[in-house]
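Text of work-v1.cif (mmCIF, C-alpha atoms) as supplied:
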data_protein
#
loop_
_atom_site.label_atom_id
_atom_site.label_comp_id
_atom_site.auth_asym_id
_atom_site.auth_seq_id
_atom_site.Cartn_x
_atom_site.Cartn_y
_atom_site.Cartn_z
CA MET A 3 64.19 173.45 175.73
CA SER A 4 62.85 170.37 173.90
CA ASP A 5 65.52 170.62 171.15
CA ASP A 6 68.28 170.78 173.76
CA LEU A 7 66.71 167.91 175.66
CA LEU A 8 66.50 165.78 172.53
CA THR A 9 70.11 166.53 171.57
CA ALA A 10 71.34 165.61 175.04
CA PHE A 11 69.31 162.40 174.99
CA CYS A 12 70.79 161.36 171.63
CA SER A 13 74.31 162.06 172.90
CA TRP A 14 73.64 159.96 176.01
CA LEU A 15 72.14 157.18 173.91
CA GLY A 16 75.18 156.99 171.66
CA ALA A 17 77.90 157.55 174.26
CA GLU A 18 76.63 155.77 177.38
CA ARG A 19 74.27 153.18 175.90
CA ARG A 20 76.51 152.66 172.84
CA ALA A 21 73.47 152.49 170.60
CA GLY A 22 74.09 152.25 166.87
CA ALA A 23 73.57 155.21 164.59
CA LYS A 24 70.37 153.74 163.16
CA THR A 25 68.91 153.19 166.64
CA VAL A 26 69.80 156.75 167.69
CA GLU A 27 68.17 158.09 164.52
CA THR A 28 64.99 156.05 165.02
CA TYR A 29 64.66 156.88 168.74
CA ALA A 30 65.34 160.56 168.03
CA ARG A 31 62.53 160.62 165.48
CA ASP A 32 60.11 158.89 167.84
CA VAL A 33 60.97 161.08 170.85
CA ARG A 34 60.82 164.24 168.71
CA ALA A 35 57.30 163.24 167.61
CA PHE A 36 56.36 162.65 171.25
CA LEU A 37 57.71 166.01 172.44
CA SER A 38 55.91 167.80 169.61
CA PHE A 39 52.67 166.02 170.48
CA ILE A 40 52.99 166.84 174.19
CA ALA A 41 53.64 170.52 173.44
CA GLU A 42 50.40 170.60 171.45
CA HIS A 43 48.48 168.31 173.78
CA ARG A 44 49.38 170.16 176.99
CA GLY A 45 49.72 173.63 175.50
CA GLU A 46 53.18 174.28 176.98
CA PRO A 47 56.80 173.45 176.08
CA PRO A 48 57.94 170.13 177.56
CA THR A 49 60.54 170.36 180.31
CA PRO A 50 61.90 167.51 182.45
CA ALA A 51 59.61 168.52 185.31
CA ARG A 52 56.54 168.71 183.09
CA LEU A 53 57.41 165.42 181.42
CA GLY A 54 57.67 163.83 184.85
CA ALA A 55 54.16 165.01 185.68
CA LEU A 56 52.51 163.34 182.71
CA ARG A 57 49.82 160.77 183.33
CA ALA A 58 49.24 157.43 181.64
CA ALA A 59 46.40 159.05 179.71
CA ASP A 60 48.89 161.44 178.06
CA PHE A 61 51.01 158.57 176.79
CA ARG A 62 47.93 156.71 175.60
CA ALA A 63 46.81 159.82 173.73
CA PHE A 64 50.16 159.92 171.93
CA LEU A 65 49.89 156.27 170.90
CA ALA A 66 46.25 156.75 169.90
CA ARG A 67 47.26 159.63 167.62
CA ALA A 68 49.93 157.39 166.09
CA ALA A 69 47.30 154.71 165.44
CA GLN A 70 45.00 157.27 163.80
CA GLU A 71 47.87 158.24 161.52
CA GLY A 72 48.25 154.65 160.40
CA ASP A 73 50.91 153.19 162.69
CA ILE A 74 50.59 149.44 163.05
CA ASN A 75 50.99 147.74 166.44
CA ALA A 76 54.66 146.94 165.84
CA THR A 77 55.44 150.60 165.10
CA ARG A 78 53.63 151.81 168.21
CA ALA A 79 55.45 149.18 170.27
CA ARG A 80 58.74 150.57 168.98
CA LYS A 81 57.68 154.11 169.90
CA LEU A 82 56.78 152.97 173.39
CA SER A 83 60.21 151.37 173.70
CA ALA A 84 61.81 154.65 172.63
CA LEU A 85 59.81 156.54 175.28
CA ARG A 86 60.84 154.12 178.00
CA THR A 87 64.50 154.61 177.08
CA PHE A 88 63.96 158.37 177.01
CA TYR A 89 62.41 158.31 180.48
CA ARG A 90 65.28 156.18 181.72
CA TYR A 91 67.54 159.00 180.58
CA LEU A 92 65.34 161.59 182.29
CA HIS A 93 65.48 159.62 185.53
CA ARG A 94 69.26 159.32 185.51
CA GLN A 95 70.09 162.82 184.32
CA HIS A 96 67.23 164.92 185.71
CA GLY A 97 65.83 162.89 188.59
CA VAL A 98 62.44 162.50 186.90
CA GLU A 99 60.30 159.93 188.68
CA THR A 100 57.30 158.49 186.90
CA VAL A 101 55.54 155.18 187.07
CA GLN A 102 52.82 156.21 184.66
CA LEU A 103 54.68 154.92 181.63
CA SER A 104 54.93 151.45 183.18
CA LEU A 105 51.13 151.27 183.28
CA LEU A 106 50.98 151.02 179.49
CA ALA A 107 50.84 147.58 177.92
CA ARG A 108 53.05 146.99 174.93
CA PRO A 109 50.94 146.85 171.75
CA LYS A 110 50.96 143.27 170.51
CA PRO A 111 51.86 142.74 166.86
CA LYS A 112 49.14 141.11 164.81
CA PRO A 113 49.91 137.52 163.82
CA PRO A 114 50.96 137.21 160.18
CA LEU A 115 48.21 136.47 157.72
CA PRO A 116 47.92 132.83 156.72
CA LYS A 117 49.61 132.23 153.37
CA ALA A 118 47.47 130.18 151.04
CA LEU A 119 48.37 128.59 147.74
CA SER A 120 46.45 129.30 144.59
CA PRO A 121 43.87 126.65 143.65
CA GLU A 122 46.16 125.52 140.82
CA GLN A 123 49.14 125.16 143.16
CA ALA A 124 47.13 123.29 145.78
CA LEU A 125 45.79 120.87 143.17
CA SER A 126 49.31 120.37 141.83
CA VAL A 127 50.46 119.30 145.29
CA THR A 128 47.61 116.88 145.84
CA HIS A 129 47.86 115.32 142.37
CA ASP A 130 51.61 115.28 141.80
CA ILE A 131 53.30 115.09 145.23
CA GLY A 132 54.33 111.53 144.32
CA GLU A 133 57.02 112.99 142.06
CA ALA A 134 59.07 113.76 145.18
CA THR A 135 59.46 110.06 146.16
CA ASP A 136 60.64 106.89 144.44
CA THR A 137 58.25 104.12 145.50
CA ALA A 138 54.60 103.50 144.71
CA PHE A 139 54.04 103.01 148.46
CA GLU A 140 55.27 106.52 149.33
CA GLN A 141 53.63 108.13 146.30
CA ALA A 142 50.16 106.79 147.12
CA ARG A 143 50.57 107.62 150.82
CA ASP A 144 51.68 111.21 150.22
CA GLU A 145 48.94 111.85 147.65
CA ALA A 146 46.32 110.61 150.12
CA LEU A 147 47.78 112.71 152.95
CA MET A 148 47.95 115.95 150.92
CA ALA A 149 44.46 115.35 149.55
CA LEU A 150 43.19 115.03 153.11
CA LEU A 151 44.93 118.23 154.24
CA TYR A 152 43.61 120.30 151.34
CA GLY A 153 40.27 118.55 150.86
CA ALA A 154 39.25 118.50 154.53
CA GLY A 155 41.35 121.27 156.11
CA LEU A 156 43.05 119.05 158.68
CA ARG A 157 46.16 119.98 160.62
CA ILE A 158 48.96 117.59 159.74
CA ALA A 159 49.07 116.33 163.34
CA GLU A 160 45.35 115.53 163.14
CA ALA A 161 45.78 113.60 159.90
CA LEU A 162 48.79 111.63 161.13
CA ALA A 163 46.98 110.72 164.36
CA LEU A 164 44.22 108.92 162.44
CA ASN A 165 43.92 105.15 162.51
CA ILE A 166 42.35 103.16 159.71
CA GLY A 167 39.39 102.44 161.96
CA ASP A 168 38.67 106.18 162.16
CA LEU A 169 37.71 106.29 158.49
CA PRO A 170 33.95 106.53 157.98
CA ALA A 171 31.94 103.85 156.25
CA ALA A 172 30.09 104.69 153.06
CA ASP A 173 29.48 108.43 152.72
CA ASP A 174 29.66 109.37 156.38
CA ALA A 175 31.83 112.31 157.42
CA LEU A 176 35.14 111.93 159.23
CA ARG A 177 35.32 112.55 162.97
CA VAL A 178 38.55 114.43 163.78
CA THR A 179 40.09 114.99 167.20
CA GLY A 180 41.77 118.40 167.28
CA LYS A 181 43.41 120.63 169.84
CA GLY A 182 42.27 120.13 173.42
CA GLN A 183 40.76 116.77 172.41
CA LYS A 184 37.90 118.68 170.81
CA GLN A 185 36.13 116.65 168.15
CA ARG A 186 34.59 117.91 164.95
CA ILE A 187 32.96 116.43 161.86
CA VAL A 188 34.40 117.08 158.40
CA PRO A 189 33.03 115.77 155.10
CA LEU A 190 35.27 113.78 152.78
CA LEU A 191 35.12 114.72 149.12
CA PRO A 192 35.01 111.90 146.56
CA ALA A 193 38.50 112.85 145.37
CA VAL A 194 39.82 112.52 148.92
CA ARG A 195 38.10 109.18 149.38
CA ALA A 196 39.57 107.94 146.10
CA ALA A 197 43.10 108.98 147.13
CA ILE A 198 42.76 107.26 150.51
CA ALA A 199 41.33 104.12 148.89
CA GLY A 200 44.27 104.01 146.48
CA TRP A 201 46.68 104.27 149.38
CA LEU A 202 44.95 101.56 151.43
CA LYS A 203 45.49 99.10 148.57
CA LEU A 204 49.23 99.47 149.20
CA HIS A 205 49.06 99.69 153.00
CA PRO A 206 51.03 96.68 154.28
CA ASN A 207 48.79 96.08 157.29
CA PRO A 208 45.36 97.68 156.84
CA GLY A 209 43.88 96.62 160.17
CA ARG A 210 41.46 98.97 161.90
CA ALA A 211 43.84 99.59 164.81
CA GLU A 212 46.77 100.47 162.54
CA PRO A 213 47.89 104.05 161.77
CA LEU A 214 46.37 105.36 158.56
CA PHE A 215 49.66 106.87 157.42
CA ILE A 216 52.86 104.94 158.07
CA GLY A 217 56.53 105.32 157.25
CA VAL A 218 58.66 102.89 155.27
CA ARG A 219 59.59 101.07 158.50
CA GLY A 220 55.99 100.48 159.46
CA GLY A 221 55.53 103.00 162.28
CA ARG A 222 53.22 105.99 162.29
CA LEU A 223 54.43 108.55 159.74
CA ASN A 224 56.46 111.40 161.22
CA ALA A 225 55.39 114.91 160.25
CA SER A 226 58.98 115.83 159.36
CA ILE A 227 58.99 113.21 156.58
CA ALA A 228 55.82 114.63 155.03
CA GLN A 229 57.23 118.15 155.32
CA LYS A 230 60.50 117.10 153.69
CA ASN A 231 58.73 115.42 150.77
CA LEU A 232 56.62 118.50 150.13
CA ARG A 233 59.71 120.71 150.42
CA ASN A 234 61.43 118.61 147.74
CA PHE A 235 58.33 118.75 145.55
CA ARG A 236 57.97 122.51 145.75
CA ARG A 237 61.61 123.01 144.78
CA LEU A 238 61.27 120.68 141.80
CA ASN A 239 58.13 122.46 140.63
CA GLY A 240 58.90 126.10 141.43
CA LEU A 241 56.24 126.49 144.12
CA PRO A 242 56.64 129.25 146.74
CA GLU A 243 58.50 128.64 149.99
CA HIS A 244 55.26 128.81 151.97
CA ALA A 245 54.01 125.67 150.21
CA THR A 246 53.90 123.53 153.36
CA PRO A 247 51.42 120.98 154.72
CA HIS A 248 49.86 123.69 156.90
CA ALA A 249 49.49 125.97 153.86
CA LEU A 250 47.10 123.38 152.44
CA ARG A 251 44.85 123.89 155.47
CA HIS A 252 45.04 127.65 154.92
CA SER A 253 44.23 127.10 151.26
CA PHE A 254 41.21 124.98 152.17
CA ALA A 255 39.76 127.83 154.26
CA THR A 256 40.72 130.63 151.87
CA HIS A 257 39.26 128.90 148.83
CA LEU A 258 36.05 128.06 150.67
CA LEU A 259 35.68 131.71 151.68
CA ALA A 260 36.36 132.86 148.12
CA GLY A 261 33.63 130.48 146.96
CA GLY A 262 31.09 132.11 149.27
CA ALA A 263 31.16 129.75 152.26
CA ASP A 264 29.82 131.05 155.55
CA LEU A 265 32.48 132.08 158.07
CA ARG A 266 30.79 130.13 160.88
CA ALA A 267 30.78 126.99 158.75
CA ILE A 268 34.50 127.40 158.03
CA GLN A 269 35.11 127.85 161.77
CA GLU A 270 33.40 124.53 162.46
CA LEU A 271 35.28 122.73 159.68
CA LEU A 272 38.65 124.03 160.90
CA GLY A 273 37.90 123.40 164.57
CA HIS A 274 38.67 126.96 165.68
CA ALA A 275 37.50 127.71 169.20
CA SER A 276 37.09 131.42 168.40
CA LEU A 277 35.53 133.03 165.36
CA SER A 278 38.18 135.76 165.53
CA THR A 279 40.79 133.17 164.50
CA THR A 280 38.76 132.24 161.44
CA GLN A 281 38.15 135.91 160.58
CA ARG A 282 41.84 136.24 159.67
CA TYR A 283 40.93 134.58 156.40
CA THR A 284 38.80 137.57 155.47
CA ASP A 285 41.99 139.63 155.73
CA VAL A 286 43.67 137.18 153.36
CA GLU A 287 40.87 137.67 150.86
CA THR A 288 41.14 141.45 151.19
CA SER A 289 44.91 141.42 150.73
CA GLN A 290 44.61 139.21 147.65
CA LEU A 291 42.02 141.56 146.16
CA MET A 292 44.35 144.51 146.78
CA ASP A 293 47.21 142.67 145.08
CA ILE A 294 45.03 142.01 142.05
CA TRP A 295 43.97 145.66 142.00
CA ARG A 296 47.57 146.90 142.17
CA LYS A 297 48.65 144.62 139.33
CA ALA A 298 45.64 145.24 137.10
CA HIS A 299 44.45 148.81 137.64
CA PRO A 300 46.06 151.29 135.24
CA ARG A 301 46.22 154.00 137.93
CA ALA A 302 47.55 151.75 140.73
#

Kindly return the structure encoded in the file as structure tokens.
Amino acid sequence: MSDDLLTAFCSWLGAERRAGAKTVETYARDVRAFLSFIAEHRGEPPTPARLGALRAADFRAFLARAAQEGDINATRARKLSALRTFYRYLHRQHGVETVQLSLLARPKPKPPLPKALSPEQALSVTHDIGEATDTAFEQARDEALMALLYGAGLRIAEALALNIGDLPAADDALRVTGKGQKQRIVPLLPAVRAAIAGWLKLHPNPGRAEPLFIGVRGGRLNASIAQKNLRNFRRLNGLPEHATPHALRHSFATHLLAGGADLRAIQELLGHASLSTTQRYTDVETSQLMDIWRKAHPRA
């Protein structure tokens, strides 16, 4: 019965829903796996009536088995979508009524891992970003900005919101206002201080109330200008496409973690409200280790 049911579903999917051949193939594979699981799980061949009597727990068991077999959230979300289409077919062709499937939440895909630059690439950006512009004014400004992003882990919006009066005196740490107006303290490395000092010598109006980073027309620097300059620099120097201002923040966290920094300390420096957000950087470290293993191990 299940083979006939699957064949009829695929015909309906292609003829009435006008699904493409690839979609029909994918949905057929997912529904076939579901029918096979239900036959084993319930100990009887699946029929429209029996499929209509399934509970939410039966569907969850199928998705749990898929997770045990290595399916990521996106794959299980696709399988759930296939089941919902299949049950739409059962409702229209066999009068099957079930609300149990609607009780299942769609598995949320994990956010992509932050992409960090290598230490050499990050240092290249902070030291040589001036190559992307023509004036000493812009070169000094961009070097100071990139040094601040990589050396202190700031978001670009946080850095561009700073006024000159926000800079600490002597060796004090910088007070940064992040998301939700939450403030945090970040230390400034000597190299970052030196880059900022070099820029302030060329700042046309270094009053305490003035923006720290300004554009050529004197207003607060727009993030799109900084992004464009880094985009030009990465193309001139063969850096990867993910070499962006935000990648410098990712690099700050990733390189601290690789150097043995405590995860809680990194959370405070980045201004993350939840430790789970910071823990994504441990996945970055793991993925980088696996890449090294694959490239270096003779049996990989």

Check: Could you work out how far CA of Phe139 (chain A) lies from CA of Asn207 (chain A), giving the answer in Å with one decimal?
Finding: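 Interatomic distance, CA of Asn207 (chain A) to CA of Phe139 (chain A): 12.4 Å.
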
Check: Given the file above and the PyMOL selection byres ((chain A and resi 226-231) around 12), which residues are selected, and can you give them as JSON, numbers by chain?
Finding: {"A": [127, 130, 131, 132, 133, 134, 135, 136, 140, 141, 143, 144, 145, 146, 147, 148, 151, 158, 159, 161, 162, 215, 216, 217, 218, 222, 223, 224, 225, 232, 233, 234, 235, 236, 237, 238, 243, 244, 245, 246, 247, 248, 249, 250]}

Notebook entry, point to check: Pick from A:Leu92, A:Ser276, A:Leu65, A:Asp174: nearest to Thr49 (chain A), with all atoms listed in the file counted?
Noted result: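 Under the stated criterion, the closest residue is A:Leu92.
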
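Our summary of the geometry notes that CA of Arg57 (chain A) is positioned 28.2 Å from CA of Gly16 (chain A).
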
Item checked: Within 12 Å of Gly182 (chain A) using all atoms listed in the file, minus same-chain residues under 2 positions, as a ChimeraX atom specification -> /A:160,178-180,184-186,273-275

Restricted to C-alpha atoms, what would the selected residues look like written as a PDB file, keeping the file's coordinate frame?
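The resulting file, again-v4.pdb, is reproduced below:
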ATOM      1  CA  GLU A 160      45.350 115.530 163.140  1.00  0.00           C
ATOM      2  CA  VAL A 178      38.550 114.430 163.780  1.00  0.00           C
ATOM      3  CA  THR A 179      40.090 114.990 167.200  1.00  0.00           C
ATOM      4  CA  GLY A 180      41.770 118.400 167.280  1.00  0.00           C
ATOM      5  CA  LYS A 184      37.900 118.680 170.810  1.00  0.00           C
ATOM      6  CA  GLN A 185      36.130 116.650 168.150  1.00  0.00           C
ATOM      7  CA  ARG A 186      34.590 117.910 164.950  1.00  0.00           C
ATOM      8  CA  GLY A 273      37.900 123.400 164.570  1.00  0.00           C
ATOM      9  CA  HIS A 274      38.670 126.960 165.680  1.00  0.00           C
ATOM     10  CA  ALA A 275      37.500 127.710 169.200  1.00  0.00           C
TER      11      ALA A 275
END

Would you write out, as a CSV table (one decimal) with C-alpha atoms, in the coordinates of the input, every residue that the PyMOL selection byres ((chain A and resi 34) around 12) captures in this file?
chain,number,residue,atom,x,y,z
A,4,SER,CA,62.8,170.4,173.9
A,5,ASP,CA,65.5,170.6,171.2
A,6,ASP,CA,68.3,170.8,173.8
A,7,LEU,CA,66.7,167.9,175.7
A,8,LEU,CA,66.5,165.8,172.5
A,9,THR,CA,70.1,166.5,171.6
A,11,PHE,CA,69.3,162.4,175.0
A,12,CYS,CA,70.8,161.4,171.6
A,26,VAL,CA,69.8,156.8,167.7
A,27,GLU,CA,68.2,158.1,164.5
A,28,THR,CA,65.0,156.0,165.0
A,29,TYR,CA,64.7,156.9,168.7
A,30,ALA,CA,65.3,160.6,168.0
A,31,ARG,CA,62.5,160.6,165.5
A,32,ASP,CA,60.1,158.9,167.8
A,33,VAL,CA,61.0,161.1,170.8
A,35,ALA,CA,57.3,163.2,167.6
A,36,PHE,CA,56.4,162.6,171.2
A,37,LEU,CA,57.7,166.0,172.4
A,38,SER,CA,55.9,167.8,169.6
A,39,PHE,CA,52.7,166.0,170.5
A,40,ILE,CA,53.0,166.8,174.2
A,41,ALA,CA,53.6,170.5,173.4
A,48,PRO,CA,57.9,170.1,177.6
A,64,PHE,CA,50.2,159.9,171.9
A,81,LYS,CA,57.7,154.1,169.9
A,84,ALA,CA,61.8,154.6,172.6
A,85,LEU,CA,59.8,156.5,175.3
A,88,PHE,CA,64.0,158.4,177.0

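Taken over the whole file, the PyMOL selection byres ((chain A and resi 155) around 9) covers exactly A:Leu150, A:Leu151, A:Tyr152, A:Gly153, A:Ala154, A:Leu156, A:Arg157, A:Val188, A:His248, A:Leu250, A:Arg251, A:His252, A:Ser253, A:Phe254, A:Ala255, A:Leu271, A:Leu272.
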
Keeping only C-alpha atoms, take the residues you just selected and write them out as a PDB file, in the frame of the given file.
ATOM      1  CA  LEU A 150      43.190 115.030 153.110  1.00  0.00           C
ATOM      2  CA  LEU A 151      44.930 118.230 154.240  1.00  0.00           C
ATOM      3  CA  TYR A 152      43.610 120.300 151.340  1.00  0.00           C
ATOM      4  CA  GLY A 153      40.270 118.550 150.860  1.00  0.00           C
ATOM      5  CA  ALA A 154      39.250 118.500 154.530  1.00  0.00           C
ATOM      6  CA  LEU A 156      43.050 119.050 158.680  1.00  0.00           C
ATOM      7  CA  ARG A 157      46.160 119.980 160.620  1.00  0.00           C
ATOM      8  CA  VAL A 188      34.400 117.080 158.400  1.00  0.00           C
ATOM      9  CA  HIS A 248      49.860 123.690 156.900  1.00  0.00           C
ATOM     10  CA  LEU A 250      47.100 123.380 152.440  1.00  0.00           C
ATOM     11  CA  ARG A 251      44.850 123.890 155.470  1.00  0.00           C
ATOM     12  CA  HIS A 252      45.040 127.650 154.920  1.00  0.00           C
ATOM     13  CA  SER A 253      44.230 127.100 151.260  1.00  0.00           C
ATOM     14  CA  PHE A 254      41.210 124.980 152.170  1.00  0.00           C
ATOM     15  CA  ALA A 255      39.760 127.830 154.260  1.00  0.00           C
ATOM     16  CA  LEU A 271      35.280 122.730 159.680  1.00  0.00           C
ATOM     17  CA  LEU A 272      38.650 124.030 160.900  1.00  0.00           C
TER      18      LEU A 272
END

Note to self: Measuring between all atoms listed in the file, which one of A:Lys117, A:Arg78, A:Leu15, A:Ala55 shows the shortest distance to Pro242 (chain A)?
What the structure shows: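 Of the candidates, the smallest distance to Pro242 (chain A) is held by A:Lys117.
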
Next item on the list: Find, counting only C-alpha atoms, the residue in A:Leu164, A:Ala17, A:Val98, A:Leu106 that gets nearest to Ala59 (chain A).
Entry: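 Ranked by minimum distance to Ala59 (chain A), first place goes to A:Leu106.
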
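Reported to one decimal place, the separation of CA of Ala149 (chain A) from CA of Ala211 (chain A) is 21.9 Å.
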
Item checked: Among the residues A:Glu212, A:Pro109, A:Leu202, A:Arg67, the one that comes closest to Ala163 (chain A) [using all atoms listed in the file] -> A:Glu212

Grab all the atoms of region 79-83 of chain A that the file lists, wrap them in a box along x, y and z, add 5 Å per side, and give me centre plus edge lengths in Å (one decimal) as JSON.
{"center_x": 57.8, "center_y": 151.6, "center_z": 171.3, "size_x": 14.8, "size_y": 14.9, "size_z": 14.7}

Notebook entry, point to check: Nearest to Tyr91 (chain A) among A:Ala63, A:Ala10, A:Leu190, A:Leu241, with distances taken over only C-alpha atoms: which residue is it?
Noted result: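 Smallest distance to Tyr91 (chain A) is found for A:Ala10.
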
Item checked: Nearest candidate to Pro213 (chain A) (options A:Asp60, A:Glu122, A:Asp168, A:Glu42; using only C-alpha atoms) -> A:Asp168
